[in-house]
Amino acid sequence: MNLKTRHLLLLLCTSVFVGGCNNDLPETVRSGLVYCSEGSPETFNPQLVTSGTTIDAISQQLYDRLLDIDANNGELIPGLAQNWQVSDDGRVYHFTLRSEVQFHQTEYFQPSRTLNAEDVVFTFNRIMQKSHPFHQQGGANYPYFQSVDWADLVKSVVAETPYLVRFELSRPDSSFLSNLATDFAAILSAEYGSQLVKSGKLSLMDSLPIGTGPFRFKEYQKDVLIRYYRHKNYWRELAKPEQLVFDIVPNNARRMAKLFTHECDIVAFPRVAELGLISKRADVDVQESTSMNIGFWAFNTEKPPFDNVKVRQALAYAINRDAILQAVYFGHATAANSVLPPTSWAYNPNVEPQSYNPLQARVLLAEAGYPNGFSMDIWAMPVQRLYNPNALKMAELMQADLAQIGVKARIVSYEWNSFRRKLGAYEHDSVLIGWSADNADPDNFFRPLLSCSAALTGSNRANWCDANFDNLISQALLTADQNQRRSYYFAAQQYLAEQMPLLSIAHSQRFQAISSDIKGVKINPYGGIALANAQRDSK
Amino acid sequence: MIMYLLRRLFLLVFVFIALSVFAFSLAYLFPGDPLQNFTGLRQISPEQYALLTSEYQLDKNYILQYLAYLSRIFSGNWGMSFSSQQPLLQEMKMLLPATLELASYALLISFFIGIPIGILSAIKPDGVFSKLVSAVAVAGYSIPIFWWALLLIMLFSLGLGWLPTAGRIGVLYEINHVTGFMLLDILLAATQHQHEALLDALSHLILPTLVLATFPTTVMVRFTRDSILEVWEQSYIKAARAKGLSRGQVLYRHALRNALLPVIRQIGLQFSTLITLAMITEVIFSWPGIGRWLIDSIYQRNYPAIEAGLLVISTLVISVNMLTEILHTLFNPLARKR
């Protein structure tokens with residue numbers, strides 16, 4: 001058949017619509033996978049961001065880390081580091097690297113060597129050393145590492161032999177290993193770095209990525225798609241999809257439509273209200289997992305009357321959380337008794353759950369000197385987040401609850417960037433916001449949220465600096481004994497329940513909708529989604 | 001005739017100058033710093049600022065600034081897009097063919113379906129077929145296009161699952177951008193799975209083309225029909241009939257030629273509507289064309305992109321208008337003599 005007649009036949013074929021003609025699809029299409037994501041990534045370097053959208057798209061696909069987190073039980077498992085030793089004083093860590101780990105071979109970079117200690121040093125020095133050639137790229141902003149005080153904690157990273165790296169810390173920190181296992185601690189290529197330095201195109205480091213992960217970068221069209229191909233020399237089992245495409249579809253309804261027409265194999269963040277509709281269909285499944293997150297209501301504890309612990313407790317008693325769980329989370333969340341989710345090993349089951357008791361609330365208010373109530377602002381964040389899918393609705397429900405005890409609440413909202421800026425300047429009375437954990441370590445819920453240093457940087461939404469509490473959570477970091485740590489965290493949770501700088505509301509579940517013929521994909525509760533094992537069931 | 005062409009050309013130049021003055025002044029009328037609006041650079045360091053100001057002649061008077069702007073337009077330096085920080089001209093080269101592809105298929109459909117149906121329904125103006133065509137044409141003419149598009153998506157994509165809802169081709173097909181016209185690019189790309197890709201691209205084309213073609217087709221049907229009916233009343237038709245020519249012969253030799261002349265002009269007039277409708281269609285079907293891009297740019301306050309987009313689209317519409325006008329004159333002996 002010559003080309004012309006073939007094309008004619010094809011046209012005929014389409015005119016009776018698709019189907020029946022596409023049995024010999026090319027391999028890249030047949031085993032290709034389409035993940036429909038909710039937004040464009042900001043960068044292709046995980047060090048520079050904390051946004052979940054970006055991390056989902058880049059981290060697990062393009063990179064590996066020294067350590068990984070076992071998605072089933074939250075334990076640390078070897079990644080690029082085969083094994084590791086900690087010195088007795090907890091200040092020196094040695095990591096033995098895996099040999100024969102290949103970097104990506106792409107049109108813009110051909111690696112001449114495999115991974116070695118130099119790459120690890122290059123990666124972490126970029127964060128810490130101002131003299132590092134890439135430190136200033138992207139505005140010298142490393143949000144996750146800044147939030148855990150990395151530059152202060154890590155004194156040096158040294159390559160002792162080609163496959164042995166030594167980290168020296170300024171103090172023991174039991175969350176250090178967990179930080180290395182987060183999606184942000186991806187290992188970059190030093191050789192690629194020096195090639196870019198030679199050609200003077202430093203900014204390409206973060207837009208044309210090179211890593212060791214299961215996929216290599218092919219192309220990115222902003223607001224349209226990201227295309228990856230399988231990394232053929234991957235050190236672990238090769239990725240199942242030959243091609244992986246992130247189709248960027250910000251509109252929720254359109255993403256659902258694409259799932260139903262099978263233009264998408266996996267859809268991120270289906271709207272909770274639509275889950276019923278999805279579960280009715282046989283060709284798509286809904287996956288869920290309890291995520292490490294917390295939605296809360298934080299009081300600005302430096303502002304009267306919220307500096308009074310009785311007022312905070314009264315407000316906590318006034319809120320009907322069951323109604324909120326139904327109306328805002330549609331029942332797809334568990335009520336929070338602590339900032340820690342129940343799945344964490346440090347969760348304190350003995351903390352009394354906050355009850356709904358308007359009478360008790362009135363009594364406490366009277367004791368605090370406000371028998372007739374007062375008026376206050378509730379700041380509701382303007383965006384939808386996993387931990388709080390609809391802050392405005394939540395604020396309206398709380399407004400009604402507060403009216404019952406004589407407190408007049410006004411709902412305030414700004415555009416997201418100014419909202420966060422004003423929050424950082426502590427202009428609010430109280431705010432509905434939350435936190436998603438980046439690793440399984442309980443410290444991730446305490447230090448970035450409620451410590452004094454977080455109050456200084458503006459990320460402590462309760463503006464709460466309490467010496468007792470700070471002492472408890474720093475003590476917990478200094479020891480590596482898990483039982484001892486647990487007892488410190490138990491005490492910290494008890495103390496929080498008494499002091500009530502914030503009211504924990506819910507731990508929500510994360511959802512994704514997936515074509516039922518795709519196997520091998522699970523939601524990872526500790527970070528970005530991994531798609532290397534996704535496979536289409538051949539029927 | 002040459003004088004006529006020169007006059008048209010002169011008019012075109014004049015309109016273009018007016019347009020470019022408008023686009024130029026937008027940089028001042030939009031909020032923000034004019035230098036940022038011209039260059040599209042987000043952050044400009046003080047040294048860079050001074051350098052660019054003199055390069056863009058922003059320290060001179062408005063006329064010199066405008067001339068510098070014109071020379072930049074012609075040399076292809078259109079500035080950057082605020083949101084992507086890519087050169088605008090390059091983005092335009094990616095996007096414009098997508099819109100043109102969609103619009104030209106819709107125009108072709110309106111031609112090859114609209115005109116024959118118009119002729120057929122003019123043969124027996126009081127017949128059942130003619131009445132039916134009129135009714136359908138009025139419905140198609142007045143239906144809001146976004147609603148129509150959503151209906152079709154509901155039926156063919158979500159209900160029956162036959163056709164995709166968005167894009168130009170399945171995202172798993174990697175087609176190199178050569179001409180920007182998808183079907184042509186697929187034929188040029190020498191992959192062994194060309195025909196699957198072609199099939200996929202065609203299935204992506206069906207719904208948007210259908211939606212976009214609806215309005216111009218119905219206009220074409222109504223216009224052709226009315227035009228033929230009008231010509232049919234002329235005395236030279238009666239004379240031809242009286243001489244014994246058959247209905248078909250009269251239609252072909254005398255009626256069609258005269259009736260279709262105004263149709264050519266109609267294409268030019270319809271083109272601006274078509275482009276507007278193409279924007280809506282692109283948004284609904286996530287078609288990566290210039291219309292969707294322009295609307296996104298408006299949402300994102302991407303001023304350099306809005307300026308460049310307006311300039312390109314209006315120049316396109318005016319050129320097409322002018323072209324059809326000239327074609328009309330070429331085909332029409334009466335107008336030619338004038």
# chains A, B, ... in the order shown; residues from 1 in each chain; ligands from 1
>>> select_by_dssp(residues="segment 107-174 of chain B", states="helix (DSSP H, G or I)", output="VMD selection string")
chain B and resid 107 to 123 128 to 142 145 to 159
>>> residues_around(residues="Leu183 of chain B", least_positions_apart="4", cutoff="10 Å", atoms="only C-alpha atoms", output="ChimeraX atom specification")
/B:101,168-169,175,179,187-189,197-199,201-202,205
>>> interface_residues(of="chain B", to="chain A", cutoff="8 Å", atoms="only C-alpha atoms", output="count of residues only")
19
>>> closest_residue(among="B:Ile109, B:Leu274, B:Ile264, B:Ile145", to="His328 of chain B", atoms="only C-alpha atoms")
B:Ile264
>>> select_by_dssp(residues="segment 19-187 of chain A", states="strand (DSSP E)", output="number ranges by chain")
A: 33-37, 67-69, 76-78, 81-86, 92-97, 154-161, 164-169
>>> closest_residue(among="A:Thr50, A:Thr457, A:Gln61, A:Gln146", to="Trp435 of chain A", atoms="only C-alpha atoms")
A:Thr50
>>> residues_around(residues="segment 231-236 of chain B", least_positions_apart="4", cutoff="8 Å", atoms="only C-alpha atoms", output="list in words")
Ser227, Ala240, Ala255, Asn258 and Ala259 of chain B
>>> residues_around(residues="Asp265 of chain A", least_positions_apart="6", cutoff="6 Å", atoms="only C-alpha atoms", output="list in words")
Val34, Tyr35, Ile514 and Ser515 of chain A
>>> closest_residue(among="A:Tyr63, A:Phe446, A:Phe167, A:Tyr108", to="Gly528 of chain A", atoms="only C-alpha atoms")
A:Tyr63
>>> atom_distance(atom1="atom CA of Val219 of chain B", atom2="atom CA of Leu11 of chain B")
27.9 Å
